[in-house]
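Quick look at protein-v1.cif (mmCIF, N, CA and C atoms, pLDDT in the B column; chains and numbers go by the auth columns):
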```
data_structure
#
loop_
_atom_site.group_PDB
_atom_site.id
_atom_site.type_symbol
_atom_site.label_atom_id
_atom_site.label_comp_id
_atom_site.label_asym_id
_atom_site.label_seq_id
_atom_site.Cartn_x
_atom_site.Cartn_y
_atom_site.Cartn_z
_atom_site.B_iso_or_equiv
_atom_site.auth_seq_id
_atom_site.auth_asym_id
ATOM 1 N N MET A 1 -4.908 17.678 -18.217 84.00 1422 W
ATOM 2 C CA MET A 1 -4.276 17.836 -16.917 84.00 1422 W
ATOM 3 C C MET A 1 -4.657 16.656 -16.029 84.00 1422 W
ATOM 4 N N LEU A 2 -3.690 16.202 -15.249 85.00 1423 W
ATOM 5 C CA LEU A 2 -3.918 15.059 -14.377 85.00 1423 W
ATOM 6 C C LEU A 2 -4.715 15.448 -13.138 85.00 1423 W
ATOM 7 N N ASN A 3 -5.563 14.543 -12.730 90.00 1424 W
ATOM 8 C CA ASN A 3 -6.311 14.712 -11.496 90.00 1424 W
ATOM 9 C C ASN A 3 -5.327 14.603 -10.328 90.00 1424 W
ATOM 10 N N LYS A 4 -5.406 15.519 -9.373 92.00 1425 W
ATOM 11 C CA LYS A 4 -4.468 15.537 -8.243 92.00 1425 W
ATOM 12 C C LYS A 4 -4.556 14.269 -7.404 92.00 1425 W
ATOM 13 N N ILE A 5 -5.749 13.736 -7.265 92.00 1426 W
ATOM 14 C CA ILE A 5 -5.924 12.528 -6.453 92.00 1426 W
ATOM 15 C C ILE A 5 -5.295 11.336 -7.152 92.00 1426 W
ATOM 16 N N VAL A 6 -5.525 11.204 -8.444 94.00 1427 W
ATOM 17 C CA VAL A 6 -4.920 10.113 -9.213 94.00 1427 W
ATOM 18 C C VAL A 6 -3.399 10.248 -9.201 94.00 1427 W
ATOM 19 N N LEU A 7 -2.906 11.464 -9.342 95.00 1428 W
ATOM 20 C CA LEU A 7 -1.463 11.703 -9.304 95.00 1428 W
ATOM 21 C C LEU A 7 -0.881 11.301 -7.953 95.00 1428 W
ATOM 22 N N SER A 8 -1.578 11.621 -6.871 94.00 1429 W
ATOM 23 C CA SER A 8 -1.114 11.248 -5.537 94.00 1429 W
ATOM 24 C C SER A 8 -1.083 9.735 -5.361 94.00 1429 W
ATOM 25 N N MET A 9 -2.131 9.068 -5.821 94.00 1430 W
ATOM 26 C CA MET A 9 -2.189 7.608 -5.710 94.00 1430 W
ATOM 27 C C MET A 9 -1.072 6.965 -6.532 94.00 1430 W
ATOM 28 N N ALA A 10 -0.869 7.437 -7.733 95.00 1431 W
ATOM 29 C CA ALA A 10 0.169 6.885 -8.599 95.00 1431 W
ATOM 30 C C ALA A 10 1.561 7.138 -8.020 95.00 1431 W
ATOM 31 N N THR A 11 1.758 8.312 -7.443 95.00 1432 W
ATOM 32 C CA THR A 11 3.054 8.633 -6.837 95.00 1432 W
ATOM 33 C C THR A 11 3.363 7.696 -5.677 95.00 1432 W
ATOM 34 N N LEU A 12 2.371 7.426 -4.834 94.00 1433 W
ATOM 35 C CA LEU A 12 2.582 6.483 -3.740 94.00 1433 W
ATOM 36 C C LEU A 12 2.945 5.109 -4.269 94.00 1433 W
ATOM 37 N N ARG A 13 2.286 4.662 -5.319 95.00 1434 W
ATOM 38 C CA ARG A 13 2.587 3.354 -5.901 95.00 1434 W
ATOM 39 C C ARG A 13 3.968 3.325 -6.543 95.00 1434 W
ATOM 40 N N LEU A 14 4.379 4.429 -7.168 96.00 1435 W
ATOM 41 C CA LEU A 14 5.732 4.506 -7.725 96.00 1435 W
ATOM 42 C C LEU A 14 6.788 4.437 -6.616 96.00 1435 W
ATOM 43 N N ILE A 15 6.523 5.117 -5.517 94.00 1436 W
ATOM 44 C CA ILE A 15 7.441 5.074 -4.378 94.00 1436 W
ATOM 45 C C ILE A 15 7.509 3.650 -3.832 94.00 1436 W
ATOM 46 N N SER A 16 6.363 3.010 -3.706 94.00 1437 W
ATOM 47 C CA SER A 16 6.314 1.635 -3.205 94.00 1437 W
ATOM 48 C C SER A 16 7.087 0.689 -4.126 94.00 1437 W
ATOM 49 N N GLY A 17 6.864 0.821 -5.412 94.00 1438 W
ATOM 50 C CA GLY A 17 7.580 -0.019 -6.377 94.00 1438 W
ATOM 51 C C GLY A 17 9.075 0.221 -6.347 94.00 1438 W
ATOM 52 N N SER A 18 9.471 1.478 -6.200 96.00 1439 W
ATOM 53 C CA SER A 18 10.893 1.810 -6.111 96.00 1439 W
ATOM 54 C C SER A 18 11.517 1.195 -4.865 96.00 1439 W
ATOM 55 N N LEU A 19 10.785 1.223 -3.764 94.00 1440 W
ATOM 56 C CA LEU A 19 11.286 0.599 -2.531 94.00 1440 W
ATOM 57 C C LEU A 19 11.461 -0.900 -2.712 94.00 1440 W
ATOM 58 N N GLU A 20 10.547 -1.533 -3.436 94.00 1441 W
ATOM 59 C CA GLU A 20 10.650 -2.975 -3.702 94.00 1441 W
ATOM 60 C C GLU A 20 11.905 -3.282 -4.518 94.00 1441 W
ATOM 61 N N ILE A 21 12.160 -2.484 -5.540 96.00 1442 W
ATOM 62 C CA ILE A 21 13.344 -2.698 -6.381 96.00 1442 W
ATOM 63 C C ILE A 21 14.619 -2.457 -5.585 96.00 1442 W
ATOM 64 N N ILE A 22 14.638 -1.396 -4.796 96.00 1443 W
ATOM 65 C CA ILE A 22 15.807 -1.101 -3.965 96.00 1443 W
ATOM 66 C C ILE A 22 16.049 -2.229 -2.973 96.00 1443 W
ATOM 67 N N ALA A 23 14.989 -2.747 -2.379 95.00 1444 W
ATOM 68 C CA ALA A 23 15.132 -3.855 -1.425 95.00 1444 W
ATOM 69 C C ALA A 23 15.704 -5.092 -2.119 95.00 1444 W
ATOM 70 N N ALA A 24 15.265 -5.370 -3.335 95.00 1445 W
ATOM 71 C CA ALA A 24 15.792 -6.524 -4.074 95.00 1445 W
ATOM 72 C C ALA A 24 17.282 -6.347 -4.353 95.00 1445 W
ATOM 73 N N ILE A 25 17.682 -5.149 -4.711 97.00 1446 W
ATOM 74 C CA ILE A 25 19.104 -4.882 -4.966 97.00 1446 W
ATOM 75 C C ILE A 25 19.914 -5.043 -3.682 97.00 1446 W
ATOM 76 N N ILE A 26 19.364 -4.540 -2.581 96.00 1447 W
ATOM 77 C CA ILE A 26 20.051 -4.686 -1.283 96.00 1447 W
ATOM 78 C C ILE A 26 20.204 -6.170 -0.934 96.00 1447 W
ATOM 79 N N MET A 27 19.151 -6.957 -1.147 96.00 1448 W
ATOM 80 C CA MET A 27 19.228 -8.393 -0.863 96.00 1448 W
ATOM 81 C C MET A 27 20.332 -9.051 -1.683 96.00 1448 W
ATOM 82 N N LEU A 28 20.407 -8.689 -2.962 97.00 1449 W
ATOM 83 C CA LEU A 28 21.449 -9.256 -3.816 97.00 1449 W
ATOM 84 C C LEU A 28 22.838 -8.844 -3.358 97.00 1449 W
ATOM 85 N N ARG A 29 22.984 -7.609 -2.941 97.00 1450 W
ATOM 86 C CA ARG A 29 24.297 -7.126 -2.481 97.00 1450 W
ATOM 87 C C ARG A 29 24.701 -7.763 -1.165 97.00 1450 W
ATOM 88 N N LEU A 30 23.729 -7.978 -0.259 95.00 1451 W
ATOM 89 C CA LEU A 30 24.041 -8.599 1.030 95.00 1451 W
ATOM 90 C C LEU A 30 24.424 -10.069 0.859 95.00 1451 W
ATOM 91 N N ASN A 31 23.730 -10.762 -0.045 95.00 1452 W
ATOM 92 C CA ASN A 31 24.026 -12.145 -0.390 95.00 1452 W
ATOM 93 C C ASN A 31 24.043 -13.089 0.816 95.00 1452 W
ATOM 94 N N GLN A 32 23.181 -12.793 1.810 95.00 1453 W
ATOM 95 C CA GLN A 32 23.049 -13.653 2.984 95.00 1453 W
ATOM 96 C C GLN A 32 21.565 -13.823 3.282 95.00 1453 W
ATOM 97 N N ILE A 33 21.160 -15.056 3.525 94.00 1454 W
ATOM 98 C CA ILE A 33 19.747 -15.354 3.710 94.00 1454 W
ATOM 99 C C ILE A 33 19.156 -14.606 4.895 94.00 1454 W
ATOM 100 N N ASP A 34 19.859 -14.600 6.021 92.00 1455 W
ATOM 101 C CA ASP A 34 19.315 -13.964 7.222 92.00 1455 W
ATOM 102 C C ASP A 34 19.135 -12.465 7.042 92.00 1455 W
ATOM 103 N N LYS A 35 20.095 -11.814 6.406 93.00 1456 W
ATOM 104 C CA LYS A 35 19.980 -10.375 6.179 93.00 1456 W
ATOM 105 C C LYS A 35 18.925 -10.060 5.116 93.00 1456 W
ATOM 106 N N ALA A 36 18.831 -10.908 4.099 93.00 1457 W
ATOM 107 C CA ALA A 36 17.809 -10.715 3.073 93.00 1457 W
ATOM 108 C C ALA A 36 16.414 -10.878 3.671 93.00 1457 W
ATOM 109 N N LEU A 37 16.282 -11.784 4.622 92.00 1458 W
ATOM 110 C CA LEU A 37 15.002 -11.984 5.286 92.00 1458 W
ATOM 111 C C LEU A 37 14.603 -10.759 6.106 92.00 1458 W
ATOM 112 N N VAL A 38 15.573 -10.109 6.722 92.00 1459 W
ATOM 113 C CA VAL A 38 15.298 -8.877 7.477 92.00 1459 W
ATOM 114 C C VAL A 38 14.818 -7.778 6.527 92.00 1459 W
ATOM 115 N N VAL A 39 15.476 -7.647 5.394 92.00 1460 W
ATOM 116 C CA VAL A 39 15.072 -6.645 4.404 92.00 1460 W
ATOM 117 C C VAL A 39 13.658 -6.960 3.907 92.00 1460 W
ATOM 118 N N ASN A 40 13.395 -8.218 3.620 91.00 1461 W
ATOM 119 C CA ASN A 40 12.076 -8.622 3.145 91.00 1461 W
ATOM 120 C C ASN A 40 11.005 -8.363 4.200 91.00 1461 W
ATOM 121 N N SER A 41 11.327 -8.619 5.443 88.00 1462 W
ATOM 122 C CA SER A 41 10.358 -8.383 6.520 88.00 1462 W
ATOM 123 C C SER A 41 10.032 -6.907 6.678 88.00 1462 W
ATOM 124 N N SER A 42 11.015 -6.064 6.448 87.00 1463 W
ATOM 125 C CA SER A 42 10.747 -4.627 6.546 87.00 1463 W
ATOM 126 C C SER A 42 9.780 -4.179 5.448 87.00 1463 W
ATOM 127 N N LEU A 43 9.815 -4.857 4.304 88.00 1464 W
ATOM 128 C CA LEU A 43 8.868 -4.539 3.238 88.00 1464 W
ATOM 129 C C LEU A 43 7.444 -4.909 3.621 88.00 1464 W
ATOM 130 N N ALA A 44 7.311 -5.889 4.497 84.00 1465 W
ATOM 131 C CA ALA A 44 5.977 -6.297 4.937 84.00 1465 W
ATOM 132 C C ALA A 44 5.278 -5.174 5.701 84.00 1465 W
ATOM 133 N N LEU A 45 6.032 -4.258 6.263 83.00 1466 W
ATOM 134 C CA LEU A 45 5.444 -3.106 6.946 83.00 1466 W
ATOM 135 C C LEU A 45 5.029 -2.027 5.950 83.00 1466 W
ATOM 136 N N VAL A 46 5.800 -1.883 4.898 87.00 1467 W
ATOM 137 C CA VAL A 46 5.551 -0.819 3.930 87.00 1467 W
ATOM 138 C C VAL A 46 4.299 -1.092 3.102 87.00 1467 W
ATOM 139 N N GLY A 47 4.095 -2.337 2.689 85.00 1468 W
ATOM 140 C CA GLY A 47 2.973 -2.695 1.825 85.00 1468 W
ATOM 141 C C GLY A 47 1.614 -2.277 2.352 85.00 1468 W
ATOM 142 N N PRO A 48 1.259 -2.685 3.585 83.00 1469 W
ATOM 143 C CA PRO A 48 -0.046 -2.282 4.120 83.00 1469 W
ATOM 144 C C PRO A 48 -0.188 -0.771 4.304 83.00 1469 W
ATOM 145 N N ILE A 49 0.898 -0.111 4.648 88.00 1470 W
ATOM 146 C CA ILE A 49 0.844 1.349 4.816 88.00 1470 W
ATOM 147 C C ILE A 49 0.527 2.020 3.481 88.00 1470 W
ATOM 148 N N ILE A 50 1.171 1.563 2.415 90.00 1471 W
ATOM 149 C CA ILE A 50 0.906 2.116 1.085 90.00 1471 W
ATOM 150 C C ILE A 50 -0.525 1.796 0.658 90.00 1471 W
ATOM 151 N N LEU A 51 -0.970 0.565 0.935 86.00 1472 W
ATOM 152 C CA LEU A 51 -2.345 0.170 0.587 86.00 1472 W
ATOM 153 C C LEU A 51 -3.362 1.066 1.286 86.00 1472 W
ATOM 154 N N ILE A 52 -3.185 1.267 2.568 86.00 1473 W
ATOM 155 C CA ILE A 52 -4.117 2.104 3.332 86.00 1473 W
ATOM 156 C C ILE A 52 -4.077 3.544 2.831 86.00 1473 W
ATOM 157 N N SER A 53 -2.882 4.066 2.613 91.00 1474 W
ATOM 158 C CA SER A 53 -2.741 5.458 2.165 91.00 1474 W
ATOM 159 C C SER A 53 -3.379 5.680 0.800 91.00 1474 W
ATOM 160 N N THR A 54 -3.076 4.785 -0.144 92.00 1475 W
ATOM 161 C CA THR A 54 -3.616 4.922 -1.493 92.00 1475 W
ATOM 162 C C THR A 54 -5.140 4.806 -1.489 92.00 1475 W
ATOM 163 N N THR A 55 -5.647 3.840 -0.732 86.00 1476 W
ATOM 164 C CA THR A 55 -7.088 3.652 -0.657 86.00 1476 W
ATOM 165 C C THR A 55 -7.769 4.845 0.003 86.00 1476 W
ATOM 166 N N THR A 56 -7.152 5.379 1.037 87.00 1477 W
ATOM 167 C CA THR A 56 -7.711 6.548 1.725 87.00 1477 W
ATOM 168 C C THR A 56 -7.791 7.743 0.778 87.00 1477 W
ATOM 169 N N ILE A 57 -6.728 7.968 0.034 91.00 1478 W
ATOM 170 C CA ILE A 57 -6.729 9.084 -0.916 91.00 1478 W
ATOM 171 C C ILE A 57 -7.841 8.889 -1.949 91.00 1478 W
ATOM 172 N N GLY A 58 -7.974 7.664 -2.464 88.00 1479 W
ATOM 173 C CA GLY A 58 -9.018 7.374 -3.441 88.00 1479 W
ATOM 174 C C GLY A 58 -10.412 7.568 -2.875 88.00 1479 W
ATOM 175 N N LEU A 59 -10.613 7.122 -1.637 84.00 1480 W
ATOM 176 C CA LEU A 59 -11.936 7.285 -1.016 84.00 1480 W
ATOM 177 C C LEU A 59 -12.266 8.744 -0.745 84.00 1480 W
ATOM 178 N N VAL A 60 -11.262 9.504 -0.368 86.00 1481 W
ATOM 179 C CA VAL A 60 -11.496 10.939 -0.168 86.00 1481 W
ATOM 180 C C VAL A 60 -11.923 11.575 -1.492 86.00 1481 W
ATOM 181 N N GLY A 61 -11.291 11.152 -2.571 87.00 1482 W
ATOM 182 C CA GLY A 61 -11.653 11.681 -3.882 87.00 1482 W
ATOM 183 C C GLY A 61 -13.047 11.279 -4.327 87.00 1482 W
ATOM 184 N N LEU A 62 -13.497 10.102 -3.892 82.00 1483 W
ATOM 185 C CA LEU A 62 -14.826 9.626 -4.279 82.00 1483 W
ATOM 186 C C LEU A 62 -15.910 9.957 -3.267 82.00 1483 W
ATOM 187 N N SER A 63 -15.555 10.541 -2.161 80.00 1484 W
ATOM 188 C CA SER A 63 -16.507 10.724 -1.058 80.00 1484 W
ATOM 189 C C SER A 63 -17.756 11.495 -1.473 80.00 1484 W
ATOM 190 N N ASP A 64 -17.631 12.407 -2.400 80.00 1485 W
ATOM 191 C CA ASP A 64 -18.808 13.163 -2.822 80.00 1485 W
ATOM 192 C C ASP A 64 -19.670 12.377 -3.812 80.00 1485 W
ATOM 193 N N LYS A 65 -19.133 11.295 -4.403 83.00 1486 W
ATOM 194 C CA LYS A 65 -19.864 10.522 -5.398 83.00 1486 W
ATOM 195 C C LYS A 65 -20.446 9.229 -4.837 83.00 1486 W
ATOM 196 N N LEU A 66 -19.989 8.795 -3.660 79.00 1487 W
ATOM 197 C CA LEU A 66 -20.464 7.544 -3.072 79.00 1487 W
ATOM 198 C C LEU A 66 -21.583 7.802 -2.079 79.00 1487 W
ATOM 199 N N SER A 67 -22.577 6.936 -2.110 84.00 1488 W
ATOM 200 C CA SER A 67 -23.612 7.011 -1.080 84.00 1488 W
ATOM 201 C C SER A 67 -23.037 6.436 0.205 84.00 1488 W
ATOM 202 N N LEU A 68 -23.688 6.715 1.311 84.00 1489 W
ATOM 203 C CA LEU A 68 -23.210 6.226 2.611 84.00 1489 W
ATOM 204 C C LEU A 68 -23.170 4.705 2.632 84.00 1489 W
ATOM 205 N N ASP A 69 -24.152 4.040 2.045 87.00 1490 W
ATOM 206 C CA ASP A 69 -24.180 2.576 2.009 87.00 1490 W
ATOM 207 C C ASP A 69 -22.960 2.020 1.274 87.00 1490 W
ATOM 208 N N LYS A 70 -22.670 2.569 0.111 85.00 1491 W
ATOM 209 C CA LYS A 70 -21.528 2.098 -0.667 85.00 1491 W
ATOM 210 C C LYS A 70 -20.220 2.391 0.059 85.00 1491 W
ATOM 211 N N PHE A 71 -20.139 3.525 0.701 81.00 1492 W
ATOM 212 C CA PHE A 71 -18.943 3.896 1.453 81.00 1492 W
ATOM 213 C C PHE A 71 -18.697 2.898 2.580 81.00 1492 W
ATOM 214 N N VAL A 72 -19.750 2.500 3.286 86.00 1493 W
ATOM 215 C CA VAL A 72 -19.630 1.513 4.365 86.00 1493 W
ATOM 216 C C VAL A 72 -19.160 0.175 3.801 86.00 1493 W
ATOM 217 N N TRP A 73 -19.688 -0.252 2.648 89.00 1494 W
ATOM 218 C CA TRP A 73 -19.266 -1.511 2.048 89.00 1494 W
ATOM 219 C C TRP A 73 -17.794 -1.474 1.652 89.00 1494 W
ATOM 220 N N VAL A 74 -17.341 -0.348 1.142 82.00 1495 W
ATOM 221 C CA VAL A 74 -15.923 -0.204 0.797 82.00 1495 W
ATOM 222 C C VAL A 74 -15.069 -0.321 2.055 82.00 1495 W
ATOM 223 N N LEU A 75 -15.477 0.330 3.131 83.00 1496 W
ATOM 224 C CA LEU A 75 -14.731 0.245 4.389 83.00 1496 W
ATOM 225 C C LEU A 75 -14.726 -1.174 4.945 83.00 1496 W
ATOM 226 N N VAL A 76 -15.841 -1.891 4.827 90.00 1497 W
ATOM 227 C CA VAL A 76 -15.889 -3.288 5.266 90.00 1497 W
ATOM 228 C C VAL A 76 -14.912 -4.127 4.445 90.00 1497 W
ATOM 229 N N GLY A 77 -14.863 -3.895 3.151 88.00 1498 W
ATOM 230 C CA GLY A 77 -13.941 -4.623 2.283 88.00 1498 W
ATOM 231 C C GLY A 77 -12.488 -4.353 2.633 88.00 1498 W
ATOM 232 N N ILE A 78 -12.166 -3.099 2.890 81.00 1499 W
ATOM 233 C CA ILE A 78 -10.803 -2.739 3.267 81.00 1499 W
ATOM 234 C C ILE A 78 -10.433 -3.380 4.603 81.00 1499 W
ATOM 235 N N THR A 79 -11.381 -3.386 5.524 86.00 1500 W
ATOM 236 C CA THR A 79 -11.147 -4.019 6.821 86.00 1500 W
ATOM 237 C C THR A 79 -10.858 -5.505 6.646 86.00 1500 W
ATOM 238 N N CYS A 80 -11.624 -6.167 5.803 89.00 1501 W
ATOM 239 C CA CYS A 80 -11.384 -7.597 5.542 89.00 1501 W
ATOM 240 C C CYS A 80 -10.001 -7.819 4.926 89.00 1501 W
ATOM 241 N N LEU A 81 -9.618 -6.955 3.992 82.00 1502 W
ATOM 242 C CA LEU A 81 -8.283 -7.056 3.401 82.00 1502 W
ATOM 243 C C LEU A 81 -7.191 -6.911 4.458 82.00 1502 W
ATOM 244 N N MET A 82 -7.336 -5.924 5.317 79.00 1503 W
ATOM 245 C CA MET A 82 -6.302 -5.687 6.332 79.00 1503 W
ATOM 246 C C MET A 82 -6.236 -6.840 7.332 79.00 1503 W
ATOM 247 N N ILE A 83 -7.377 -7.398 7.709 86.00 1504 W
ATOM 248 C CA ILE A 83 -7.374 -8.547 8.618 86.00 1504 W
ATOM 249 C C ILE A 83 -6.663 -9.720 7.939 86.00 1504 W
ATOM 250 N N GLY A 84 -6.954 -9.949 6.673 85.00 1505 W
ATOM 251 C CA GLY A 84 -6.310 -11.038 5.942 85.00 1505 W
ATOM 252 C C GLY A 84 -4.815 -10.833 5.778 85.00 1505 W
ATOM 253 N N ILE A 85 -4.387 -9.601 5.584 76.00 1506 W
ATOM 254 C CA ILE A 85 -2.966 -9.317 5.392 76.00 1506 W
ATOM 255 C C ILE A 85 -2.207 -9.387 6.705 76.00 1506 W
ATOM 256 N N LEU A 86 -2.756 -8.804 7.741 74.00 1507 W
ATOM 257 C CA LEU A 86 -2.023 -8.656 9.004 74.00 1507 W
ATOM 258 C C LEU A 86 -2.178 -9.832 9.959 74.00 1507 W
ATOM 259 N N LYS A 87 -3.185 -10.653 9.763 76.00 1508 W
ATOM 260 C CA LYS A 87 -3.396 -11.775 10.687 76.00 1508 W
ATOM 261 C C LYS A 87 -2.337 -12.841 10.454 76.00 1508 W
ATOM 262 N N LYS A 88 -1.759 -13.305 11.550 66.00 1509 W
ATOM 263 C CA LYS A 88 -0.686 -14.312 11.422 66.00 1509 W
ATOM 264 C C LYS A 88 -1.092 -15.604 12.026 66.00 1509 W
#
```
Let me see the file written as structure tokens.
Amino acid sequence: MLNKIVLSMATLRLISGSLEIIAAIIMLRLNQIDKALVVNSSLALVGPIILISTTTIGLVGLSDKLSLDKFVWVLVGITCLMIGILKK
């Protein structure tokens, strides 16, 4: 039987991947650079949301197995990732 947390994380990633494929198809159908850029920019919002959600679910699943020190280091790492992704 599948772990519910792993199933949730995988489902979010499948949804994210499906959105990427759908966006690519939309870009091809629109066949205009400006409209394709708008579609691509909207994906830039989805990526970090999926990353945060998936990571949060995983951390909740590991919360009973991680010490407070390790948990803080994971949060620091995630913060660094988000700063690197979102900083323009």
Quiz item: What is the atom N of Ser1484 (chain W)-atom N of Lys1425 (chain W) distance in Å, reported with one decimal?
Solution: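 Separation of atom N of Ser1484 (chain W) and atom N of Lys1425 (chain W): 13.4 Å.
Taking atom C of Gly1505 (chain W) and atom C of Ser1474 (chain W) as endpoints, the distance between them is 17.3 Å.
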Practice problem: Fewer than 6 positions away in the same chain doesn't count, so skip those; otherwise give me all residues within 8 Å of Leu1464 (chain W), counting only N, CA and C atoms, as a ChimeraX atom specification. | Solution: /W:1440-1441,1444,1458
Self-check item: Straight-line distance linking atom C of Asp1490 (chain W) with CA of Met1503 (chain W), stated in Å to one decimal
Solution: 19.0 Å
Exercise. Measuring atom to atom with only C-alpha atoms, identify which of W:Ile1442, W:Val1495, W:Ile1447, W:Leu1507 is nearest to Leu1483 (chain W).
Key: W:Val1495
Self-check item: Residues selected by the PyMOL selection byres (((chain W and resi 1473 and name CA) around 12) and name CA), written as a PyMOL selection string
Solution: chain W and resi 1430+1433-1434+1466-1472+1474-1480+1496+1498-1500+1502-1503+1506
Centre and edge lengths of an axis-aligned box around all listed atoms of region 1439-1451 of chain W, with 3 Å added on each side, are to be given in Å to one decimal, as JSON.
```
{"center_x": 17.1, "center_y": -4.1, "center_z": -2.7, "size_x": 21.2, "size_y": 17.9, "size_z": 13.4}
```
